[in-house]
$ cat final_25.csv   # CSV, C-alpha atoms
chain,number,residue,atom,x,y,z
E,1,MET,CA,-3.2,8.4,-26.2
E,2,GLN,CA,-4.4,4.9,-27.2
E,3,LYS,CA,-5.9,4.5,-30.6
E,4,THR,CA,-8.5,1.7,-30.5
E,5,GLU,CA,-9.2,2.0,-34.2
E,6,ASN,CA,-5.6,1.1,-34.9
E,7,HIS,CA,-5.7,-1.7,-32.3
E,8,HIS,CA,-3.1,-0.1,-30.0
E,9,ILE,CA,-3.8,0.5,-26.3
E,10,ARG,CA,-1.3,2.3,-24.1
E,11,PHE,CA,-1.3,1.2,-20.5
E,12,SER,CA,0.6,1.2,-17.3
E,13,LYS,CA,0.9,-1.6,-14.8
E,14,TYR,CA,0.7,-1.0,-11.0
E,15,HIS,CA,0.3,-3.2,-8.0
E,16,GLY,CA,-1.0,-2.6,-4.5
E,17,ALA,CA,0.6,-5.0,-2.1
E,18,GLY,CA,0.9,-7.5,-4.9
E,19,ASN,CA,-2.7,-7.0,-6.1
E,20,ASP,CA,-1.8,-6.0,-9.8
E,21,PHE,CA,-3.7,-3.9,-12.3
E,22,ILE,CA,-3.5,-2.7,-15.8
E,23,MET,CA,-4.3,1.0,-15.9
E,24,ILE,CA,-5.6,2.8,-19.0
E,25,ASN,CA,-5.9,6.6,-19.3
E,26,ALA,CA,-9.1,7.4,-21.2
E,27,ILE,CA,-9.6,10.9,-19.7
E,28,SER,CA,-9.7,12.6,-23.1
E,29,GLU,CA,-10.6,9.8,-25.6
E,30,GLU,CA,-13.5,7.4,-25.6
E,31,LEU,CA,-12.5,3.8,-25.2
E,32,LEU,CA,-14.7,0.8,-25.7
E,33,LEU,CA,-13.2,-2.5,-24.5
E,34,PRO,CA,-15.0,-5.8,-25.2
E,35,GLU,CA,-15.2,-8.2,-22.3
E,36,GLU,CA,-13.2,-10.8,-24.3
E,37,LEU,CA,-10.3,-8.3,-24.9
E,38,ILE,CA,-10.1,-7.3,-21.3
E,39,ALA,CA,-9.9,-11.0,-20.3
E,40,ARG,CA,-7.2,-11.5,-22.9
E,41,ILE,CA,-5.1,-8.5,-21.7
E,42,CYS,CA,-5.4,-9.7,-18.1
E,43,ASN,CA,-4.5,-13.3,-19.0
E,44,ARG,CA,-1.1,-14.2,-17.5
E,45,ARG,CA,-0.2,-16.6,-20.3
E,46,ILE,CA,-1.3,-14.8,-23.4
E,47,GLY,CA,-1.6,-11.2,-22.3
E,48,VAL,CA,0.0,-8.7,-20.0
E,49,GLY,CA,-1.3,-10.4,-16.8
E,50,ALA,CA,-3.2,-8.8,-14.0
E,51,ASP,CA,-5.9,-9.3,-11.3
E,52,GLY,CA,-7.9,-6.6,-13.0
E,53,LEU,CA,-8.1,-3.7,-15.5
E,54,ILE,CA,-8.9,-0.1,-14.5
E,55,VAL,CA,-10.0,2.6,-16.9
E,56,LEU,CA,-9.5,6.3,-15.8
E,57,LEU,CA,-12.4,8.3,-17.2
E,58,PRO,CA,-13.5,11.9,-17.2
E,59,SER,CA,-15.8,13.3,-14.6
E,60,ASP,CA,-18.0,16.4,-14.7
E,61,GLU,CA,-17.7,17.2,-11.1
E,62,HIS,CA,-14.6,15.5,-9.8
E,63,ASP,CA,-11.0,14.8,-10.8
E,64,PHE,CA,-11.8,11.6,-12.7
E,65,ARG,CA,-14.0,8.5,-12.7
E,66,MET,CA,-12.8,4.9,-12.0
E,67,LYS,CA,-14.1,1.9,-13.9
E,68,TYR,CA,-12.9,-1.5,-12.7
E,69,TYR,CA,-13.0,-4.8,-14.5
E,70,ASN,CA,-12.0,-8.2,-13.0
E,71,CYS,CA,-9.6,-10.3,-15.0
E,72,ASP,CA,-12.6,-12.3,-16.4
E,73,GLY,CA,-13.5,-9.1,-18.3
E,74,LYS,CA,-16.6,-8.3,-16.4
E,75,GLU,CA,-17.2,-4.9,-14.7
E,76,SER,CA,-17.0,-5.4,-11.0
E,77,THR,CA,-17.7,-3.6,-7.7
E,78,PHE,CA,-15.2,-1.4,-6.0
E,79,CYS,CA,-11.5,-2.4,-5.6
E,80,GLY,CA,-9.7,-0.9,-2.7
E,81,ASN,CA,-6.1,-1.6,-3.9
E,82,GLY,CA,-7.1,-0.6,-7.4
E,83,GLY,CA,-8.6,2.5,-5.9
E,84,ARG,CA,-5.3,3.4,-4.3
E,85,CYS,CA,-3.3,2.5,-7.4
E,86,ILE,CA,-5.5,4.6,-9.7
E,87,ALA,CA,-4.8,7.6,-7.5
E,88,ALA,CA,-1.0,7.1,-8.0
E,89,PHE,CA,-1.6,6.6,-11.7
E,90,ALA,CA,-3.6,9.8,-12.0
E,91,HIS,CA,-0.7,11.6,-10.2
E,92,GLN,CA,1.8,10.1,-12.6
E,93,GLU,CA,-0.3,11.1,-15.6
E,94,GLY,CA,-0.5,14.7,-14.4
E,95,ILE,CA,-4.2,14.6,-13.7
E,96,VAL,CA,-3.9,15.3,-9.9
E,97,ASN,CA,-1.2,16.4,-7.6
E,98,ASN,CA,-1.1,14.9,-4.1
E,99,LEU,CA,-4.8,15.0,-3.6
E,100,ALA,CA,-7.5,13.1,-5.6
E,101,ASP,CA,-11.3,13.3,-5.5
E,102,TYR,CA,-12.9,10.7,-7.8
E,103,GLU,CA,-16.0,8.7,-8.5
E,104,ALA,CA,-16.3,5.0,-8.4
E,105,ILE,CA,-19.1,2.5,-8.7
E,106,ASP,CA,-19.8,2.7,-4.9
E,107,GLY,CA,-19.6,6.5,-4.7
E,108,LEU,CA,-17.0,9.2,-4.1
E,109,HIS,CA,-13.5,8.6,-2.8
E,110,LYS,CA,-10.7,10.9,-1.7
E,111,ALA,CA,-7.1,10.0,-1.7
E,112,ILE,CA,-3.9,11.5,-0.4
E,113,ILE,CA,-0.9,10.4,-2.5
E,114,HIS,CA,2.6,10.3,-0.9
E,115,LYS,CA,5.3,9.9,-3.6
E,116,ILE,CA,8.3,8.0,-2.1
E,117,ASN,CA,10.3,7.7,-5.3
E,118,GLU,CA,9.7,7.4,-9.1
E,119,ASN,CA,8.0,4.0,-8.7
E,120,ASP,CA,6.7,3.8,-5.1
E,121,PHE,CA,3.8,5.6,-3.5
E,122,TYR,CA,1.9,5.4,-0.2
E,123,VAL,CA,-1.8,6.2,-0.7
E,124,GLU,CA,-4.5,6.9,1.9
E,125,LEU,CA,-8.0,6.3,0.5
E,126,THR,CA,-11.4,7.0,2.0
E,127,MET,CA,-13.8,4.1,2.0
E,128,ARG,CA,-17.6,3.9,2.4
E,129,ASP,CA,-19.1,4.2,5.8
E,130,ILE,CA,-20.2,0.8,7.2
E,131,LEU,CA,-23.7,1.0,8.7
E,132,SER,CA,-24.8,-2.6,8.5
E,133,TYR,CA,-23.3,-6.1,8.5
E,134,ASP,CA,-24.1,-9.7,9.7
E,135,ILE,CA,-21.7,-11.1,12.3
E,136,ASN,CA,-21.4,-14.0,14.7
E,137,ASP,CA,-18.4,-15.5,16.6
E,138,GLU,CA,-17.0,-17.2,13.5
E,139,ARG,CA,-17.7,-15.0,10.5
E,140,LEU,CA,-18.6,-11.5,9.2
E,141,ILE,CA,-20.6,-10.8,6.1
E,142,ILE,CA,-20.1,-7.2,5.0
E,143,ASN,CA,-20.0,-4.9,2.0
E,144,THR,CA,-17.0,-2.5,2.0
E,145,GLY,CA,-17.5,-1.5,-1.6
E,146,SER,CA,-17.4,-5.1,-2.6
E,147,PRO,CA,-19.2,-8.0,-0.7
E,148,HIS,CA,-17.0,-10.0,1.7
E,149,TYR,CA,-17.2,-13.0,3.9
E,150,VAL,CA,-14.6,-12.9,6.7
E,151,LYS,CA,-13.9,-16.2,8.4
E,152,LYS,CA,-11.8,-16.9,11.5
E,153,THR,CA,-9.2,-19.6,11.1
E,154,ASN,CA,-6.3,-21.1,13.2
E,155,ASP,CA,-4.7,-22.6,10.1
E,156,LEU,CA,-4.0,-19.7,7.8
E,157,ASP,CA,-0.8,-21.2,6.4
E,158,GLN,CA,-2.2,-24.7,5.9
E,159,ILE,CA,-5.7,-23.9,4.7
E,160,ASP,CA,-6.7,-24.7,1.0
E,161,ILE,CA,-7.7,-21.2,0.1
E,162,ASN,CA,-8.9,-22.0,-3.4
E,163,LYS,CA,-11.1,-24.9,-2.3
E,164,GLU,CA,-12.5,-23.4,0.9
E,165,GLY,CA,-12.8,-20.0,-0.7
E,166,ALA,CA,-14.7,-21.3,-3.7
E,167,ASP,CA,-17.1,-23.3,-1.5
E,168,ILE,CA,-18.2,-20.1,0.3
E,169,ARG,CA,-18.0,-17.9,-2.8
E,170,TYR,CA,-20.5,-20.1,-4.7
E,171,ASP,CA,-22.7,-20.9,-1.8
E,172,LYS,CA,-26.1,-19.5,-2.7
E,173,LYS,CA,-27.1,-19.5,0.9
E,174,VAL,CA,-24.4,-16.9,1.5
E,175,SER,CA,-25.1,-14.8,-1.6
E,176,GLU,CA,-26.9,-15.2,-4.9
E,177,ASP,CA,-24.2,-13.1,-6.6
E,178,GLY,CA,-21.2,-14.6,-4.8
E,179,VAL,CA,-18.8,-13.0,-2.3
E,180,ASN,CA,-15.1,-12.5,-1.8
E,181,VAL,CA,-13.8,-14.7,1.0
E,182,ASP,CA,-11.2,-13.6,3.6
E,183,PHE,CA,-9.6,-16.0,6.1
E,184,LEU,CA,-8.4,-14.1,9.2
E,185,SER,CA,-5.9,-15.2,11.8
E,186,PHE,CA,-5.4,-13.3,15.0
E,187,VAL,CA,-2.3,-14.4,16.9
E,188,ASN,CA,-0.2,-12.3,19.3
E,189,ASP,CA,-2.4,-9.3,18.5
E,190,ILE,CA,-1.4,-9.5,14.8
E,191,VAL,CA,-4.1,-9.7,12.1
E,192,ARG,CA,-3.2,-11.7,9.1
E,193,ILE,CA,-5.4,-12.6,6.1
E,194,ARG,CA,-5.6,-14.5,2.9
E,195,THR,CA,-8.2,-13.7,0.3
E,196,TYR,CA,-10.1,-15.6,-2.4
E,197,GLU,CA,-11.4,-13.1,-4.9
E,198,ARG,CA,-14.6,-13.4,-6.9
E,199,GLY,CA,-14.0,-12.7,-10.6
E,200,VAL,CA,-10.4,-13.7,-10.3
E,201,GLU,CA,-11.6,-17.1,-8.9
E,202,ASN,CA,-8.3,-17.6,-7.2
E,203,GLU,CA,-6.3,-16.4,-4.2
E,204,THR,CA,-4.8,-12.9,-4.7
E,205,LEU,CA,-1.8,-11.5,-2.8
E,206,ALA,CA,-3.9,-8.8,-1.4
E,207,CYS,CA,-7.4,-7.3,-1.6
E,208,GLY,CA,-8.1,-3.7,-0.3
E,209,THR,CA,-11.8,-4.1,0.3
E,210,GLY,CA,-11.0,-7.5,2.0
E,211,VAL,CA,-8.4,-5.8,4.2
E,212,THR,CA,-11.0,-3.2,5.2
E,213,ALA,CA,-13.6,-6.0,5.9
E,214,SER,CA,-11.0,-7.9,7.9
E,215,ALA,CA,-10.0,-4.9,10.0
E,216,ILE,CA,-13.7,-4.3,10.8
E,217,ALA,CA,-14.1,-7.9,11.7
E,218,ALA,CA,-11.0,-7.7,14.0
E,219,SER,CA,-12.3,-4.6,15.6
E,220,LEU,CA,-15.7,-6.3,16.3
E,221,TRP,CA,-14.1,-9.5,17.6
E,222,TYR,CA,-11.0,-8.1,19.4
E,223,GLY,CA,-11.3,-4.3,19.6
E,224,GLY,CA,-9.4,-1.4,18.1
E,225,ASP,CA,-9.9,1.4,15.6
E,226,ASN,CA,-6.5,1.6,14.0
E,227,ILE,CA,-5.6,-1.8,12.7
E,228,ASP,CA,-2.6,-3.1,10.7
E,229,VAL,CA,-3.5,-6.0,8.5
E,230,TYR,CA,-0.8,-8.3,7.0
E,231,THR,CA,-1.5,-9.8,3.6
E,232,ARG,CA,0.7,-12.3,1.8
E,233,ILE,CA,3.6,-9.8,1.1
E,234,ALA,CA,2.7,-6.5,2.7
E,235,LYS,CA,1.1,-4.5,5.5
E,236,LEU,CA,-1.9,-2.3,5.1
E,237,ASN,CA,-3.6,-0.1,7.6
E,238,VAL,CA,-7.3,0.6,8.2
E,239,LYS,CA,-8.5,3.3,10.7
E,240,PHE,CA,-12.0,4.5,11.4
E,241,THR,CA,-14.3,6.1,13.9
E,242,LYS,CA,-16.7,3.6,15.7
E,243,VAL,CA,-20.1,5.1,16.3
E,244,ASN,CA,-22.6,2.7,18.0
E,245,ASN,CA,-21.3,-0.4,16.2
E,246,THR,CA,-21.1,1.5,12.8
E,247,PHE,CA,-17.8,2.5,11.2
E,248,LYS,CA,-17.3,6.0,9.8
E,249,ASN,CA,-14.3,7.9,8.4
E,250,VAL,CA,-12.9,4.7,7.1
E,251,ILE,CA,-9.4,5.1,5.6
E,252,LEU,CA,-7.4,2.3,3.9
E,253,SER,CA,-3.7,3.0,3.6
E,254,GLY,CA,-0.8,1.2,2.0
E,255,PRO,CA,1.7,0.9,-0.8
E,256,ALA,CA,1.0,1.4,-4.5
E,257,THR,CA,3.8,0.6,-6.9
E,258,PHE,CA,4.4,1.5,-10.6
E,259,VAL,CA,5.7,-1.6,-12.5
E,260,PHE,CA,6.0,-0.6,-16.2
E,261,ASP,CA,4.4,1.1,-19.2
E,262,GLY,CA,3.5,-0.8,-22.3
E,263,MET,CA,1.5,-0.9,-25.5
E,264,PHE,CA,-0.9,-3.7,-26.1
E,265,ILE,CA,-1.3,-4.4,-29.9
E,266,PHE,CA,-4.1,-6.6,-31.0
E,267,ALA,CA,-6.0,-7.7,-34.1
E,268,ASN,CA,-9.6,-8.5,-34.6

$ encode --input "final_25.csv" --output "structure tokens"
Amino acid sequence: MQKTENHHIRFSKYHGAGNDFIMINAISEELLLPEELIARICNRRIGVGADGLIVLLPSDEHDFRMKYYNCDGKESTFCGNGGRCIAAFAHQEGIVNNLADYEAIDGLHKAIIHKINENDFYVELTMRDILSYDINDERLIINTGSPHYVKKTNDLDQIDINKEGADIRYDKKVSEDGVNVDFLSFVNDIVRIRTYERGVENETLACGTGVTASAIAASLWYGGDNIDVYTRIAKLNVKFTKVNNTFKNVILSGPATFVFDGMFIFAN
């Protein structure tokens, strides 16, 4: 296990559809990570590089507890791709078999882990029920574990994601705390999205809560209850049960991939 007093942290790196995470197993040893250190580890120039860092912690009643930090070092709301990756990580660490039952900041999640080979997994993850949202013909504001603003676009490939995403993310009229921003295209019955992530302050290759939000937006605008969503490099799936314009039994499914193990060594 990692020995923080000796300035060594053992970690694994995973990605879910290109959304990449540093995973740390702290199931049996207390681990305190300063915000500055998390940001340094996640930095792509001077650290390991990742969209976020996830700590796997013990739980009294469930298999484990997930704590998620954005790459700016701040603890954040739930991360869907990270939630799928931590289930694969827990499997690799011998904490769970093919089923996981764990706590996160937004409540309890269950995962089914399908191991394809030594590095590749397909993970089905339960998400929170969606009982309320704000929608019109052009945008959806919703919380799928993290807050999202889903906007229709006809120019997904040409749009300046970082500029337009930041404009909405920092708009206090939308949210005092900021939102993640998803741009959704629906052409030939295919849902495609690009996402600007709060905390990363940049476009990411995928976002699990954003995929979930976009699938619900697509369902409300175009119909359906089992929706494939194409991100920059992968396809994810969201299925749910619609009950009087609410969404229950929400399941986010997609790939989770082990990248490498490592040891981060640092000095004060």

$ residues_around --input "final_25.csv" --residues "E:Val181" --least-positions-apart "4" --cutoff "6 Å" --atoms "all atoms listed in the file" --output "count of residues only"
5

$ closest_atom_pairs --input "final_25.csv" --of "stretch 111-144 of chain E" --to "stretch 210-229 of chain E" --cutoff "10 Å" --atoms "only C-alpha atoms" --output "JSON lines"
{"residue": "E:Met127", "atom": "CA", "partner": "E:Thr212", "partner_atom": "CA", "distance": 8.4}
{"residue": "E:Ile130", "atom": "CA", "partner": "E:Ile216", "partner_atom": "CA", "distance": 9.0}
{"residue": "E:Tyr133", "atom": "CA", "partner": "E:Ala217", "partner_atom": "CA", "distance": 9.9}
{"residue": "E:Ile135", "atom": "CA", "partner": "E:Ala217", "partner_atom": "CA", "distance": 8.3}
{"residue": "E:Asn136", "atom": "CA", "partner": "E:Trp221", "partner_atom": "CA", "distance": 9.1}
{"residue": "E:Asp137", "atom": "CA", "partner": "E:Trp221", "partner_atom": "CA", "distance": 7.4}
{"residue": "E:Glu138", "atom": "CA", "partner": "E:Trp221", "partner_atom": "CA", "distance": 9.2}
{"residue": "E:Arg139", "atom": "CA", "partner": "E:Ala217", "partner_atom": "CA", "distance": 8.1}
{"residue": "E:Leu140", "atom": "CA", "partner": "E:Ala217", "partner_atom": "CA", "distance": 6.3}
{"residue": "E:Ile141", "atom": "CA", "partner": "E:Ala213", "partner_atom": "CA", "distance": 8.5}
{"residue": "E:Ile142", "atom": "CA", "partner": "E:Ala213", "partner_atom": "CA", "distance": 6.7}
{"residue": "E:Asn143", "atom": "CA", "partner": "E:Ala213", "partner_atom": "CA", "distance": 7.6}
{"residue": "E:Thr144", "atom": "CA", "partner": "E:Ala213", "partner_atom": "CA", "distance": 6.2}

$ closest_residue --input "final_25.csv" --among "E:Phe266, E:Phe186, E:Phe89, E:Phe64" --to "E:Ile24" --atoms "all atoms listed in the file"
E:Phe89

$ atom_distance --input "final_25.csv" --atom1 "atom CA of E:His109" --atom2 "atom CA of E:Ala206"
19.9 Å

$ atom_distance --input "final_25.csv" --atom1 "atom CA of E:Leu99" --atom2 "atom CA of E:Tyr14"
18.5 Å

$ atom_distance --input "final_25.csv" --atom1 "atom CA of E:Glu93" --atom2 "atom CA of E:His7"
21.7 Å

$ closest_residue --input "final_25.csv" --among "E:Asp129, E:Asp72, E:Asp101, E:Asp155" --to "E:Ser185" --atoms "only C-alpha atoms"
E:Asp155

$ residues_around --input "final_25.csv" --residues "stretch 38-44 of chain E" --least-positions-apart "3" --cutoff "6 Å" --atoms "only C-alpha atoms" --output "short mmCIF file (atom, residue, chain, number, x, y, z; two decimals) with C-alpha atoms, in the frame of the given file"
data_model
loop_
_atom_site.label_atom_id
_atom_site.label_comp_id
_atom_site.auth_asym_id
_atom_site.auth_seq_id
_atom_site.Cartn_x
_atom_site.Cartn_y
_atom_site.Cartn_z
CA GLU E 35 -15.20 -8.20 -22.30
CA GLY E 47 -1.60 -11.20 -22.30
CA VAL E 48 0.00 -8.70 -20.00
CA GLY E 49 -1.30 -10.40 -16.80
CA ALA E 50 -3.20 -8.80 -14.00
CA CYS E 71 -9.60 -10.30 -15.00
CA ASP E 72 -12.60 -12.30 -16.40
CA GLY E 73 -13.50 -9.10 -18.30
#

$ closest_residue --input "final_25.csv" --among "E:Val259, E:Ile251, E:Ala267, E:Leu108" --to "E:Val123" --atoms "all atoms listed in the file"
E:Ile251

$ closest_residue --input "final_25.csv" --among "E:Ile27, E:Ile113, E:Leu252, E:Val200" --to "E:Asn81" --atoms "all atoms listed in the file"
E:Leu252

$ residues_near_point --input "final_25.csv" --point "(1.1, -8.6, 1.4)" --cutoff "6 Å" --atoms "all atoms listed in the file" --output "PDB file with C-alpha atoms, in the coordinates of the input"
ATOM      1  CA  ALA E  17       0.600  -5.000  -2.100  1.00  0.00           C
ATOM      2  CA  LEU E 205      -1.800 -11.500  -2.800  1.00  0.00           C
ATOM      3  CA  ALA E 206      -3.900  -8.800  -1.400  1.00  0.00           C
ATOM      4  CA  TYR E 230      -0.800  -8.300   7.000  1.00  0.00           C
ATOM      5  CA  THR E 231      -1.500  -9.800   3.600  1.00  0.00           C
ATOM      6  CA  ARG E 232       0.700 -12.300   1.800  1.00  0.00           C
ATOM      7  CA  ILE E 233       3.600  -9.800   1.100  1.00  0.00           C
ATOM      8  CA  ALA E 234       2.700  -6.500   2.700  1.00  0.00           C
ATOM      9  CA  LYS E 235       1.100  -4.500   5.500  1.00  0.00           C
TER      10      LYS E 235
END

$ residues_near_point --input "final_25.csv" --point "(0.2, 4.3, -6.8)" --cutoff "10 Å" --atoms "all atoms listed in the file" --output "VMD selection string"
chain E and resid 13 to 16 81 to 92 113 to 115 119 to 123 254 to 259

$ closest_residue --input "final_25.csv" --among "E:Asp177, E:Asp63, E:Glu118, E:Asp51" --to "E:Glu197" --atoms "only C-alpha atoms"
E:Asp51

$ closest_residue --input "final_25.csv" --among "E:Leu156, E:Ile193, E:Leu53, E:Val179" --to "E:Phe11" --atoms "all atoms listed in the file"
E:Leu53

$ decode --input "final_25.csv" --residues "stretch 224-248 of chain E" --atoms "N, CA, C and O atoms" --output "PDB file, in the first residue's frame"
ATOM      1  N   GLY E 224     -37.571   7.572 -26.952  1.00  0.00           N
ATOM      2  CA  GLY E 224     -36.686   6.440 -26.710  1.00  0.00           C
ATOM      3  C   GLY E 224     -36.365   6.256 -25.241  1.00  0.00           C
ATOM      4  O   GLY E 224     -36.443   7.192 -24.440  1.00  0.00           O
ATOM      5  N   ASP E 225     -36.031   5.007 -24.881  1.00  0.00           N
ATOM      6  CA  ASP E 225     -35.662   4.704 -23.500  1.00  0.00           C
ATOM      7  C   ASP E 225     -34.431   3.800 -23.410  1.00  0.00           C
ATOM      8  O   ASP E 225     -34.096   3.282 -22.350  1.00  0.00           O
ATOM      9  N   ASN E 226     -33.759   3.612 -24.530  1.00  0.00           N
ATOM     10  CA  ASN E 226     -32.517   2.819 -24.581  1.00  0.00           C
ATOM     11  C   ASN E 226     -31.658   3.482 -25.664  1.00  0.00           C
ATOM     12  O   ASN E 226     -31.807   3.215 -26.847  1.00  0.00           O
ATOM     13  N   ILE E 227     -30.778   4.367 -25.239  1.00  0.00           N
ATOM     14  CA  ILE E 227     -30.166   5.316 -26.162  1.00  0.00           C
ATOM     15  C   ILE E 227     -28.649   5.176 -26.192  1.00  0.00           C
ATOM     16  O   ILE E 227     -27.988   5.239 -25.146  1.00  0.00           O
ATOM     17  N   ASP E 228     -28.097   4.963 -27.368  1.00  0.00           N
ATOM     18  CA  ASP E 228     -26.652   5.003 -27.570  1.00  0.00           C
ATOM     19  C   ASP E 228     -26.224   6.459 -27.743  1.00  0.00           C
ATOM     20  O   ASP E 228     -26.856   7.223 -28.477  1.00  0.00           O
ATOM     21  N   VAL E 229     -25.144   6.814 -27.058  1.00  0.00           N
ATOM     22  CA  VAL E 229     -24.607   8.169 -27.151  1.00  0.00           C
ATOM     23  C   VAL E 229     -23.146   8.066 -27.579  1.00  0.00           C
ATOM     24  O   VAL E 229     -22.353   7.382 -26.945  1.00  0.00           O
ATOM     25  N   TYR E 230     -22.829   8.747 -28.665  1.00  0.00           N
ATOM     26  CA  TYR E 230     -21.463   8.720 -29.192  1.00  0.00           C
ATOM     27  C   TYR E 230     -20.698   9.941 -28.687  1.00  0.00           C
ATOM     28  O   TYR E 230     -21.098  11.083 -28.917  1.00  0.00           O
ATOM     29  N   THR E 231     -19.590   9.671 -27.994  1.00  0.00           N
ATOM     30  CA  THR E 231     -18.695  10.725 -27.532  1.00  0.00           C
ATOM     31  C   THR E 231     -17.567  10.860 -28.555  1.00  0.00           C
ATOM     32  O   THR E 231     -17.667  10.351 -29.669  1.00  0.00           O
ATOM     33  N   ARG E 232     -16.496  11.531 -28.179  1.00  0.00           N
ATOM     34  CA  ARG E 232     -15.443  11.792 -29.155  1.00  0.00           C
ATOM     35  C   ARG E 232     -14.830  10.506 -29.719  1.00  0.00           C
ATOM     36  O   ARG E 232     -14.516  10.438 -30.914  1.00  0.00           O
ATOM     37  N   ILE E 233     -14.641   9.472 -28.876  1.00  0.00           N
ATOM     38  CA  ILE E 233     -13.948   8.275 -29.358  1.00  0.00           C
ATOM     39  C   ILE E 233     -14.670   6.975 -29.043  1.00  0.00           C
ATOM     40  O   ILE E 233     -14.140   5.898 -29.313  1.00  0.00           O
ATOM     41  N   ALA E 234     -15.847   7.030 -28.458  1.00  0.00           N
ATOM     42  CA  ALA E 234     -16.490   5.791 -28.022  1.00  0.00           C
ATOM     43  C   ALA E 234     -18.005   5.932 -28.030  1.00  0.00           C
ATOM     44  O   ALA E 234     -18.558   7.022 -28.191  1.00  0.00           O
ATOM     45  N   LYS E 235     -18.665   4.790 -27.850  1.00  0.00           N
ATOM     46  CA  LYS E 235     -20.114   4.736 -27.718  1.00  0.00           C
ATOM     47  C   LYS E 235     -20.460   4.254 -26.316  1.00  0.00           C
ATOM     48  O   LYS E 235     -19.918   3.255 -25.844  1.00  0.00           O
ATOM     49  N   LEU E 236     -21.366   4.970 -25.652  1.00  0.00           N
ATOM     50  CA  LEU E 236     -21.905   4.540 -24.375  1.00  0.00           C
ATOM     51  C   LEU E 236     -23.410   4.360 -24.527  1.00  0.00           C
ATOM     52  O   LEU E 236     -24.003   4.823 -25.501  1.00  0.00           O
ATOM     53  N   ASN E 237     -24.006   3.684 -23.573  1.00  0.00           N
ATOM     54  CA  ASN E 237     -25.441   3.413 -23.625  1.00  0.00           C
ATOM     55  C   ASN E 237     -26.096   3.834 -22.321  1.00  0.00           C
ATOM     56  O   ASN E 237     -25.532   3.644 -21.241  1.00  0.00           O
ATOM     57  N   VAL E 238     -27.289   4.413 -22.451  1.00  0.00           N
ATOM     58  CA  VAL E 238     -28.095   4.756 -21.278  1.00  0.00           C
ATOM     59  C   VAL E 238     -29.491   4.197 -21.488  1.00  0.00           C
ATOM     60  O   VAL E 238     -30.126   4.445 -22.517  1.00  0.00           O
ATOM     61  N   LYS E 239     -29.952   3.426 -20.524  1.00  0.00           N
ATOM     62  CA  LYS E 239     -31.333   2.938 -20.574  1.00  0.00           C
ATOM     63  C   LYS E 239     -32.016   3.258 -19.259  1.00  0.00           C
ATOM     64  O   LYS E 239     -31.371   3.431 -18.220  1.00  0.00           O
ATOM     65  N   PHE E 240     -33.333   3.353 -19.310  1.00  0.00           N
ATOM     66  CA  PHE E 240     -34.086   3.781 -18.144  1.00  0.00           C
ATOM     67  C   PHE E 240     -35.547   3.430 -18.327  1.00  0.00           C
ATOM     68  O   PHE E 240     -35.987   3.013 -19.410  1.00  0.00           O
ATOM     69  N   THR E 241     -36.303   3.606 -17.259  1.00  0.00           N
ATOM     70  CA  THR E 241     -37.751   3.448 -17.289  1.00  0.00           C
ATOM     71  C   THR E 241     -38.375   4.828 -17.132  1.00  0.00           C
ATOM     72  O   THR E 241     -38.118   5.520 -16.141  1.00  0.00           O
ATOM     73  N   LYS E 242     -39.170   5.233 -18.124  1.00  0.00           N
ATOM     74  CA  LYS E 242     -39.845   6.532 -18.055  1.00  0.00           C
ATOM     75  C   LYS E 242     -41.168   6.368 -17.326  1.00  0.00           C
ATOM     76  O   LYS E 242     -41.994   5.535 -17.687  1.00  0.00           O
ATOM     77  N   VAL E 243     -41.361   7.173 -16.295  1.00  0.00           N
ATOM     78  CA  VAL E 243     -42.593   7.137 -15.512  1.00  0.00           C
ATOM     79  C   VAL E 243     -43.095   8.568 -15.366  1.00  0.00           C
ATOM     80  O   VAL E 243     -42.561   9.348 -14.574  1.00  0.00           O
ATOM     81  N   ASN E 244     -44.115   8.926 -16.173  1.00  0.00           N
ATOM     82  CA  ASN E 244     -44.721  10.268 -16.099  1.00  0.00           C
ATOM     83  C   ASN E 244     -43.667  11.376 -16.158  1.00  0.00           C
ATOM     84  O   ASN E 244     -43.606  12.256 -15.296  1.00  0.00           O
ATOM     85  N   ASN E 245     -42.806  11.300 -17.177  1.00  0.00           N
ATOM     86  CA  ASN E 245     -41.755  12.300 -17.387  1.00  0.00           C
ATOM     87  C   ASN E 245     -40.684  12.317 -16.305  1.00  0.00           C
ATOM     88  O   ASN E 245     -39.916  13.282 -16.182  1.00  0.00           O
ATOM     89  N   THR E 246     -40.598  11.250 -15.507  1.00  0.00           N
ATOM     90  CA  THR E 246     -39.445  11.039 -14.642  1.00  0.00           C
ATOM     91  C   THR E 246     -38.686   9.828 -15.193  1.00  0.00           C
ATOM     92  O   THR E 246     -39.202   9.079 -16.030  1.00  0.00           O
ATOM     93  N   PHE E 247     -37.459   9.662 -14.716  1.00  0.00           N
ATOM     94  CA  PHE E 247     -36.592   8.610 -15.254  1.00  0.00           C
ATOM     95  C   PHE E 247     -36.048   7.778 -14.095  1.00  0.00           C
ATOM     96  O   PHE E 247     -35.327   8.289 -13.239  1.00  0.00           O
ATOM     97  N   LYS E 248     -36.438   6.496 -14.093  1.00  0.00           N
ATOM     98  CA  LYS E 248     -36.019   5.598 -13.020  1.00  0.00           C
ATOM     99  C   LYS E 248     -35.262   4.419 -13.606  1.00  0.00           C
ATOM    100  O   LYS E 248     -35.270   4.178 -14.800  1.00  0.00           O
TER     101      LYS E 248
END
